[in-house]
file work17.txt (compact mmCIF, C-alpha atoms and all ligand atoms)
# COMPACT_ATOMS: atom_id res chain seq x y z
CA MET Q 246 16.47 -16.39 15.83
CA ASP Q 247 16.20 -20.06 14.89
CA PRO Q 248 17.98 -20.46 11.50
CA PHE Q 249 15.56 -23.17 10.39
CA LEU Q 250 12.53 -20.91 11.02
CA ALA Q 251 14.30 -17.98 9.30
CA THR Q 252 15.08 -20.03 6.17
CA ALA Q 253 11.61 -21.57 6.08
CA SER Q 254 10.00 -18.10 6.39
CA VAL Q 255 12.01 -16.70 3.48
CA VAL Q 256 11.47 -19.72 1.18
CA LEU Q 257 7.75 -19.85 1.97
CA GLY Q 258 7.50 -16.06 1.61
CA LEU Q 259 9.09 -16.15 -1.85
CA ALA Q 260 6.83 -18.99 -3.02
CA LEU Q 261 3.65 -17.43 -1.64
CA GLY Q 262 4.74 -14.03 -2.95
CA SER Q 263 4.89 -15.57 -6.41
CA PHE Q 264 1.36 -16.96 -5.91
CA LEU Q 265 0.24 -13.57 -4.62
CA ASN Q 266 1.34 -12.00 -7.92
CA VAL Q 267 -1.02 -14.39 -9.69
CA CYS Q 268 -3.84 -13.38 -7.30
CA ILE Q 269 -3.17 -9.64 -7.83
CA TYR Q 270 -3.34 -10.08 -11.60
CA ARG Q 271 -6.28 -12.49 -11.79
CA LEU Q 272 -8.71 -11.70 -8.94
CA PRO Q 273 -9.68 -8.15 -10.05
CA ARG Q 274 -10.20 -9.53 -13.57
CA GLY Q 275 -12.61 -12.16 -12.27
CA MET Q 276 -10.29 -15.01 -13.25
CA SER Q 277 -9.69 -18.20 -11.23
CA VAL Q 278 -6.42 -18.23 -9.31
CA LEU Q 279 -5.93 -21.99 -9.73
CA ASN Q 280 -7.07 -22.53 -13.30
CA PRO Q 281 -5.08 -22.41 -15.55
CA ARG Q 282 -2.21 -23.65 -13.37
CA TRP Q 283 0.46 -21.91 -15.46
CA SER Q 284 0.92 -18.16 -15.70
CA ALA Q 285 0.98 -16.59 -19.13
CA CYS Q 286 2.76 -13.48 -20.37
CA PRO Q 287 0.15 -10.66 -20.34
CA ASN Q 288 1.51 -9.45 -23.70
CA CYS Q 289 2.05 -12.53 -25.94
CA LYS Q 290 -0.23 -14.88 -23.89
CA GLN Q 291 2.43 -17.63 -24.12
CA PRO Q 292 2.60 -19.83 -21.01
CA ILE Q 293 5.61 -19.14 -18.78
CA ALA Q 294 7.82 -22.21 -18.24
CA PHE Q 295 8.46 -23.32 -14.64
CA TYR Q 296 12.18 -22.41 -14.92
CA ASP Q 297 11.19 -18.84 -15.87
CA ASN Q 298 8.86 -18.66 -12.88
CA VAL Q 299 11.40 -18.98 -10.06
CA PRO Q 300 10.74 -16.16 -7.56
CA VAL Q 301 13.14 -13.18 -7.78
CA LEU Q 302 15.83 -15.09 -9.76
CA SER Q 303 13.90 -15.44 -13.02
CA TRP Q 304 12.94 -11.78 -13.06
CA LEU Q 305 16.58 -10.75 -12.50
CA LEU Q 306 18.01 -13.24 -15.05
CA LEU Q 307 15.51 -12.20 -17.74
CA ARG Q 308 16.06 -8.54 -16.75
CA GLY Q 309 12.32 -8.04 -16.29
CA ARG Q 310 11.36 -9.13 -19.81
CA CYS Q 311 9.32 -11.99 -21.29
CA ARG Q 312 11.66 -14.65 -22.76
CA LYS Q 313 9.53 -14.99 -25.88
CA CYS Q 314 8.27 -11.52 -26.84
CA LYS Q 315 10.67 -9.41 -24.73
CA ALA Q 316 7.77 -7.29 -23.43
CA PRO Q 317 8.69 -5.71 -20.08
CA ILE Q 318 7.34 -7.46 -16.99
CA SER Q 319 6.40 -5.10 -14.15
CA PRO Q 320 8.96 -4.78 -11.31
CA ARG Q 321 5.89 -5.29 -9.09
CA TYR Q 322 6.45 -9.05 -9.53
CA LEU Q 323 9.89 -8.79 -8.01
CA LEU Q 324 8.77 -6.33 -5.33
CA ILE Q 325 5.88 -8.52 -4.10
CA GLU Q 326 8.11 -11.59 -3.79
CA VAL Q 327 10.77 -9.69 -1.85
CA LEU Q 328 8.21 -7.94 0.37
CA THR Q 329 6.32 -11.16 1.19
CA ALA Q 330 9.58 -12.89 2.17
CA ALA Q 331 10.67 -9.87 4.26
CA LEU Q 332 7.32 -9.63 6.05
CA PHE Q 333 7.24 -13.39 6.73
CA LEU Q 334 10.73 -13.13 8.21
CA ALA Q 335 9.72 -10.13 10.33
CA CYS Q 336 6.64 -11.99 11.66
CA SER Q 337 8.57 -15.09 12.67
CA TRP Q 338 11.29 -12.90 14.18
CA GLN Q 339 8.68 -11.18 16.34
CA PHE Q 340 6.46 -14.16 17.25
CA GLY Q 341 8.81 -17.17 17.02
CA MET Q 342 7.59 -20.69 16.24
CA THR Q 343 3.99 -20.07 17.34
CA LEU Q 344 0.50 -19.98 15.87
CA ALA Q 345 0.72 -16.18 16.12
CA THR Q 346 3.34 -16.25 13.36
CA LEU Q 347 0.97 -18.23 11.13
CA LYS Q 348 -1.80 -15.73 11.89
CA TYR Q 349 0.34 -12.71 11.00
CA TRP Q 350 1.76 -14.43 7.89
CA THR Q 351 -1.84 -14.79 6.73
CA LEU Q 352 -2.63 -11.16 7.50
CA ALA Q 353 0.57 -9.88 5.83
CA PHE Q 354 -0.16 -11.96 2.70
CA LEU Q 355 -3.74 -10.66 2.45
CA LEU Q 356 -2.82 -7.03 3.16
CA LEU Q 357 -0.01 -6.99 0.62
CA GLY Q 358 -2.33 -8.44 -2.02
CA LEU Q 359 -5.09 -5.94 -1.23
CA ILE Q 360 -2.74 -2.92 -1.15
CA PHE Q 361 -1.50 -3.75 -4.64
CA THR Q 362 -4.87 -4.64 -6.21
CA ASP Q 363 -6.28 -1.39 -4.83
CA ALA Q 364 -3.32 0.63 -6.15
CA GLU Q 365 -3.50 -0.99 -9.60
CA THR Q 366 -7.22 -1.46 -10.17
CA LYS Q 367 -9.00 0.40 -7.30
CA LEU Q 368 -10.68 -2.90 -6.47
CA LEU Q 369 -10.57 -4.89 -3.23
CA PRO Q 370 -11.69 -8.41 -4.23
CA ASP Q 371 -14.20 -10.13 -1.91
CA LYS Q 372 -12.22 -13.34 -2.30
CA MET Q 373 -9.47 -11.67 -0.27
CA THR Q 374 -11.42 -9.43 2.15
CA LEU Q 375 -14.26 -11.82 3.07
CA THR Q 376 -12.02 -14.89 3.16
CA GLY Q 377 -9.69 -12.81 5.36
CA LEU Q 378 -12.55 -11.82 7.66
CA GLY Q 379 -13.44 -15.51 8.12
CA LEU Q 380 -9.80 -16.43 8.77
CA GLY Q 381 -9.37 -13.60 11.28
CA ILE Q 382 -12.37 -14.83 13.25
CA VAL Q 383 -11.14 -18.45 13.19
CA PHE Q 384 -7.61 -17.41 14.25
CA SER Q 385 -9.05 -15.56 17.25
CA LEU Q 386 -10.02 -18.96 18.72
CA PHE Q 387 -6.36 -20.05 18.73
CA VAL Q 388 -4.35 -16.83 19.09
CA PRO Q 389 -5.77 -14.49 21.77
CA VAL Q 390 -6.64 -11.05 20.36
CA ASN Q 391 -6.33 -9.79 23.95
CA ASP Q 392 -8.27 -6.57 23.54
CA LEU Q 393 -11.20 -4.75 25.19
CA ALA Q 394 -13.43 -7.77 25.91
CA ALA Q 395 -10.56 -9.72 27.47
CA GLN Q 396 -9.65 -6.72 29.63
CA PHE Q 397 -13.04 -5.37 30.70
CA LEU Q 398 -15.55 -8.24 30.67
CA PRO Q 399 -15.83 -10.36 33.83
CA VAL Q 400 -13.95 -13.60 33.25
CA SER Q 401 -16.31 -15.64 35.46
CA LEU Q 402 -18.17 -17.33 32.61
CA PRO Q 403 -19.70 -20.66 33.64
CA VAL Q 404 -17.23 -22.59 31.49
CA SER Q 405 -13.59 -23.64 31.89
CA SER Q 406 -11.05 -20.81 31.82
CA ASP Q 407 -9.61 -22.08 28.52
CA ILE Q 408 -12.97 -21.94 26.78
CA SER Q 409 -13.86 -18.60 28.34
CA SER Q 410 -10.58 -17.01 27.20
CA ARG Q 411 -11.26 -18.33 23.69
CA LEU Q 412 -14.78 -16.86 23.77
CA LEU Q 413 -13.45 -13.49 24.95
CA SER Q 414 -10.89 -13.52 22.14
CA LEU Q 415 -13.67 -14.36 19.67
CA ALA Q 416 -15.70 -11.46 21.06
CA ASP Q 417 -12.70 -9.16 20.58
CA SER Q 418 -12.31 -10.30 16.99
CA LEU Q 419 -16.03 -9.75 16.18
CA LEU Q 420 -15.97 -6.40 17.99
CA GLY Q 421 -12.90 -5.32 16.00
CA ALA Q 422 -14.61 -6.29 12.72
CA ALA Q 423 -17.81 -4.45 13.65
CA VAL Q 424 -16.03 -1.28 14.79
CA GLY Q 425 -13.73 -1.25 11.73
CA ALA Q 426 -16.57 -1.77 9.27
CA SER Q 427 -18.96 0.76 10.82
CA PHE Q 428 -16.25 3.42 11.18
CA ILE Q 429 -15.45 3.24 7.46
CA TYR Q 430 -19.12 2.97 6.51
CA GLY Q 431 -19.88 6.11 8.55
CA ALA Q 432 -16.84 8.00 7.20
CA GLY Q 433 -17.86 7.03 3.66
CA ALA Q 434 -21.38 8.37 4.18
CA ILE Q 435 -20.06 11.68 5.57
CA TYR Q 436 -17.56 11.95 2.71
CA LEU Q 437 -20.27 11.32 0.12
CA ARG Q 438 -22.38 14.11 1.64
CA ALA Q 439 -19.47 16.54 1.83
CA ARG Q 440 -17.80 16.02 -1.54
CA GLY Q 441 -20.62 14.52 -3.58
CA ILE Q 442 -18.45 11.62 -4.76
CA GLU Q 443 -17.86 8.21 -3.31
CA GLY Q 444 -14.63 8.31 -1.32
CA MET Q 445 -14.85 4.93 0.28
CA GLY Q 446 -16.69 1.99 -1.18
CA PHE Q 447 -17.92 -1.28 0.29
CA GLY Q 448 -14.52 -2.75 -0.56
CA ASP Q 449 -12.96 -0.53 2.13
CA VAL Q 450 -15.71 -1.47 4.61
CA LYS Q 451 -14.99 -5.18 4.08
CA LEU Q 452 -11.24 -4.57 4.20
CA MET Q 453 -11.58 -2.84 7.58
CA ALA Q 454 -13.84 -5.64 8.89
CA MET Q 455 -11.09 -8.08 7.96
CA ILE Q 456 -8.37 -5.98 9.64
CA GLY Q 457 -10.57 -5.59 12.74
CA SER Q 458 -11.13 -9.33 13.03
CA PHE Q 459 -7.36 -9.88 13.14
CA LEU Q 460 -6.33 -6.92 15.32
CA GLY Q 461 -9.21 -6.11 17.70
CA VAL Q 462 -10.76 -2.71 18.43
CA LYS Q 463 -7.76 -0.70 19.69
CA LEU Q 464 -5.42 -1.42 16.81
CA THR Q 465 -8.32 -1.01 14.38
CA VAL Q 466 -8.91 2.53 15.62
CA PHE Q 467 -5.13 3.12 15.44
CA THR Q 468 -5.13 1.86 11.82
CA ILE Q 469 -7.99 4.14 10.77
CA PHE Q 470 -6.47 7.25 12.37
CA ALA Q 471 -2.99 6.55 11.01
CA ALA Q 472 -4.46 5.90 7.53
CA SER Q 473 -6.43 9.18 7.58
CA ILE Q 474 -3.27 11.10 8.51
CA ALA Q 475 -1.19 9.30 5.86
CA GLY Q 476 -3.95 9.80 3.27
CA SER Q 477 -4.23 13.53 4.06
CA ILE Q 478 -0.47 14.04 3.82
CA PHE Q 479 -0.52 12.19 0.49
CA GLY Q 480 -3.47 14.27 -0.77
CA VAL Q 481 -1.97 17.61 0.26
CA SER Q 482 1.45 16.81 -1.19
CA THR Q 483 -0.13 15.61 -4.46
CA ILE Q 484 -2.02 18.91 -4.82
CA LEU Q 485 1.12 20.93 -4.03
CA MET Q 486 3.21 18.91 -6.50
CA VAL Q 487 0.66 19.34 -9.29
CA TRP Q 488 0.39 23.05 -8.47
CA VAL Q 489 4.15 23.63 -8.70
CA LYS Q 490 4.48 21.57 -11.92
CA ARG Q 491 1.57 23.28 -13.67
CA THR Q 492 2.72 26.76 -12.58
CA ARG Q 493 6.07 26.08 -14.24
CA ARG Q 494 4.37 24.79 -17.37
CA PHE Q 495 2.06 27.81 -17.62
CA VAL Q 496 5.02 30.17 -17.30
CA GLU Q 497 7.20 28.30 -19.81
CA ARG Q 498 4.69 27.37 -22.49
CA ARG Q 499 2.02 30.03 -22.27
CA HIS Q 500 4.26 32.86 -21.06
CA LEU Q 501 1.87 33.88 -18.27
CA THR Q 502 3.10 36.07 -15.45
CA LEU Q 503 4.06 34.13 -12.35
CA HIS Q 504 1.03 35.47 -10.50
CA ASP Q 505 -1.46 34.41 -13.19
CA ALA Q 506 0.27 31.08 -13.69
CA ARG Q 507 0.04 30.33 -9.98
CA GLN Q 508 -3.63 31.14 -9.83
CA ARG Q 509 -4.50 29.10 -12.90
CA ALA Q 510 -2.38 26.16 -11.79
CA TRP Q 511 -4.01 26.22 -8.34
CA HIS Q 512 -7.43 26.10 -9.95
CA SER Q 513 -6.48 23.22 -12.22
CA ALA Q 514 -4.82 21.26 -9.39
CA GLN Q 515 -8.03 21.61 -7.37
CA THR Q 516 -10.15 20.40 -10.27
CA MET Q 517 -7.85 17.42 -10.75
CA TYR Q 518 -8.04 16.55 -7.07
CA ARG Q 519 -11.81 16.76 -7.03
CA HIS Q 520 -11.99 14.02 -9.66
CA TYR Q 521 -9.17 11.98 -8.24
CA GLU Q 522 -10.25 8.78 -6.56
CA MET Q 523 -7.87 8.08 -3.69
CA PRO Q 524 -7.05 4.38 -3.23
CA PHE Q 525 -7.80 4.55 0.51
CA GLY Q 526 -7.33 0.78 0.84
CA VAL Q 527 -3.62 1.31 0.18
CA PHE Q 528 -3.37 3.52 3.28
CA LEU Q 529 -5.59 1.31 5.45
CA GLY Q 530 -3.60 -1.76 4.44
CA SER Q 531 -0.17 -0.27 5.04
CA MET Q 532 -1.17 1.27 8.37
CA ALA Q 533 -2.62 -2.09 9.47
CA MET Q 534 0.85 -3.56 8.84
CA LEU Q 535 2.40 -0.84 11.00
CA ALA Q 536 -0.28 -1.60 13.60
CA PHE Q 537 0.54 -5.26 13.97
CA PHE Q 538 4.25 -4.65 14.25
CA PHE Q 539 4.38 -1.40 16.24
CA GLY Q 540 0.79 -0.51 17.26
CA LYS Q 541 0.98 -1.99 20.77
CA GLN Q 542 4.20 -0.09 21.58
CA PHE Q 543 2.70 3.09 20.13
CA LEU Q 544 -0.50 2.81 22.21
CA ASP Q 545 1.50 2.12 25.41
CA TRP Q 546 3.65 5.18 24.73
CA TYR Q 547 0.54 7.26 23.99
CA TRP Q 548 -1.24 6.25 27.23
CA ARG Q 549 1.85 7.14 29.22
CA LEU Q 550 1.79 10.63 27.66
CA LEU Q 551 -1.76 11.26 28.84
ZN ZN T 1 5.49 -12.44 -23.83
call {"tool": "encode", "arguments": {"input": "work17.txt", "output": "structure tokens"}}
result
Amino acid sequence: MDPFLATASVVLGLALGSFLNVCIYRLPRGMSVLNPRWSACPNCKQPIAFYDNVPVLSWLLLRGRCRKCKAPISPRYLLIEVLTAALFLACSWQFGMTLATLKYWTLAFLLLGLIFTDAETKLLPDKMTLTGLGLGIVFSLFVPVNDLAAQFLPVSLPVSSDISSRLLSLADSLLGAAVGASFIYGAGAIYLRARGIEGMGFGDVKLMAMIGSFLGVKLTVFTIFAASIAGSIFGVSTILMVWVKRTRRFVERRHLTLHDARQRAWHSAQTMYRHYEMPFGVFLGSMAMLAFFFGKQFLDWYWRLL
């Protein structure tokens, strides 16, 4: 890999990761990401000096604490900067010095931001999802999505082959957005009927429209299926963990018999789960990342199995 591109990816990733931390903190709170220019400590509200705002290094040197009030600063700040740099490097390693790299940098940046805002606040800000949807559609004009429309529609449009391939790519992007959004909208409606609570909100619908506009129909379907499997595994293991923990507590503190403790703990784990709102955007976002790195290989392997 070109050492210049590698270095540029890491430096840009660290800088944009630092900006992404600002977005993750401010966007769900309805604050502007550009104004004020300087970040402030969430605890003492003192502005953070530029030399304390160097990606990764500052957090390590200050040992994750504010210089002024010593309040702990979440390791999420460090994690986001490292992850953004790593993903940027992975994209340029896979796609080289092309527009595709720029497209997947954009997608990685947006997905990372959305995964963390959903995990922390259960919100998926429109400023990320809808802006992302627009960007995905625009990128399709320059980086071919190469999906269903490009493969199955007749290419004999009455325009030059360059324009017609751009139009097919645009169609694939719009189709991906439509399929992603309606899938989640439909699943949300079924879920609401079945469980009586809202499992997926409009945030998830817009998130999936954005992912679809970048990835096209096939990888969108892959993302949704992979996310449902990952979400189910997470849900089942959460229930089991709570069950085991509460059984132990009932035996130790209330001196119930193991049989009674198990039954009671099972009941209370179920009640907890019924009121638990799963951040489904976290699963959609992370599976979309898997999709753009490994989805094509996975689909090829899957078709060969059939
Ligand atoms: Zn402080």
call {"tool": "residues_near_ligand", "arguments": {"input": "work17.txt", "ligand": "ligand ZN 1 (chain T)", "cutoff": "10 Å", "atoms": "all atoms listed in the file", "output": "NGL selection string"}}
result
:Q and (285-293 or 310-318)
call {"tool": "atom_distance", "arguments": {"input": "work17.txt", "atom1": "CA of Leu398 (chain Q)", "atom2": "CA of Val383 (chain Q)"}}
result
20.7 Å
call {"tool": "closest_residue", "arguments": {"input": "work17.txt", "among": "Q:Met342, Q:Val466, Q:Ala331, Q:Ile325", "to": "Thr362 (chain Q)", "atoms": "all atoms listed in the file"}}
result
Q:Ile325
call {"tool": "closest_residue", "arguments": {"input": "work17.txt", "among": "Q:Leu323, Q:Ala294, Q:Ala353, Q:Leu334", "to": "Val255 (chain Q)", "atoms": "only C-alpha atoms"}}
result
Q:Leu334
call {"tool": "residues_around", "arguments": {"input": "work17.txt", "residues": "Phe428 (chain Q)", "least_positions_apart": "5", "cutoff": "12 Å", "atoms": "all atoms listed in the file", "output": "list in words"}}
result
Leu420, Gly421, Ala422, Ala423, Gly433, Ala434, Ile435, Met445, Phe447, Asp449, Val450, Lys451, Leu452, Met453, Ala454, Gly457, Val462, Thr465, Val466, Phe467, Thr468, Ile469, Phe470 and Ser473 of chain Q
call {"tool": "closest_residue", "arguments": {"input": "work17.txt", "among": "Q:Leu460, Q:Ala330, Q:Thr346, Q:Val256", "to": "Phe537 (chain Q)", "atoms": "all atoms listed in the file"}}
result
Q:Leu460
call {"tool": "residues_near_point", "arguments": {"input": "work17.txt", "point": "(1.7, -16.8, -8.3)", "cutoff": "10 Å", "atoms": "all atoms listed in the file", "output": "ChimeraX atom specification"}}
result
/Q:259-271,278-279,282-284,298,300,322,326
call {"tool": "closest_residue", "arguments": {"input": "work17.txt", "among": "Q:Ser319, Q:Ser303, Q:Thr351, Q:Ser337", "to": "Ala253 (chain Q)", "atoms": "all atoms listed in the file"}}
result
Q:Ser337
call {"tool": "axis_aligned_box", "arguments": {"input": "work17.txt", "around": "region 299-314 of chain Q", "padding_each_side": "8 Å", "output": "lines of an AutoDock Vina configuration file"}}
result
center_x = 13.1
center_y = -13.5
center_z = -17.2
size_x = 25.7
size_y = 26.9
size_z = 35.3
call {"tool": "atom_distance", "arguments": {"input": "work17.txt", "atom1": "CA of Met276 (chain Q)", "atom2": "CA of Thr376 (chain Q)"}}
result
16.5 Å
call {"tool": "residues_near_point", "arguments": {"input": "work17.txt", "point": "(-11.7, -15.3, 26.1)", "cutoff": "9 Å", "atoms": "all atoms listed in the file", "output": "MDAnalysis selection string"}}
result
chainID Q and resid 386 389:391 394:395 400 406:417
call {"tool": "closest_residue", "arguments": {"input": "work17.txt", "among": "Q:Leu503, Q:Leu464, Q:Met517, Q:Leu347", "to": "Leu485 (chain Q)", "atoms": "all atoms listed in the file"}}
result
Q:Met517
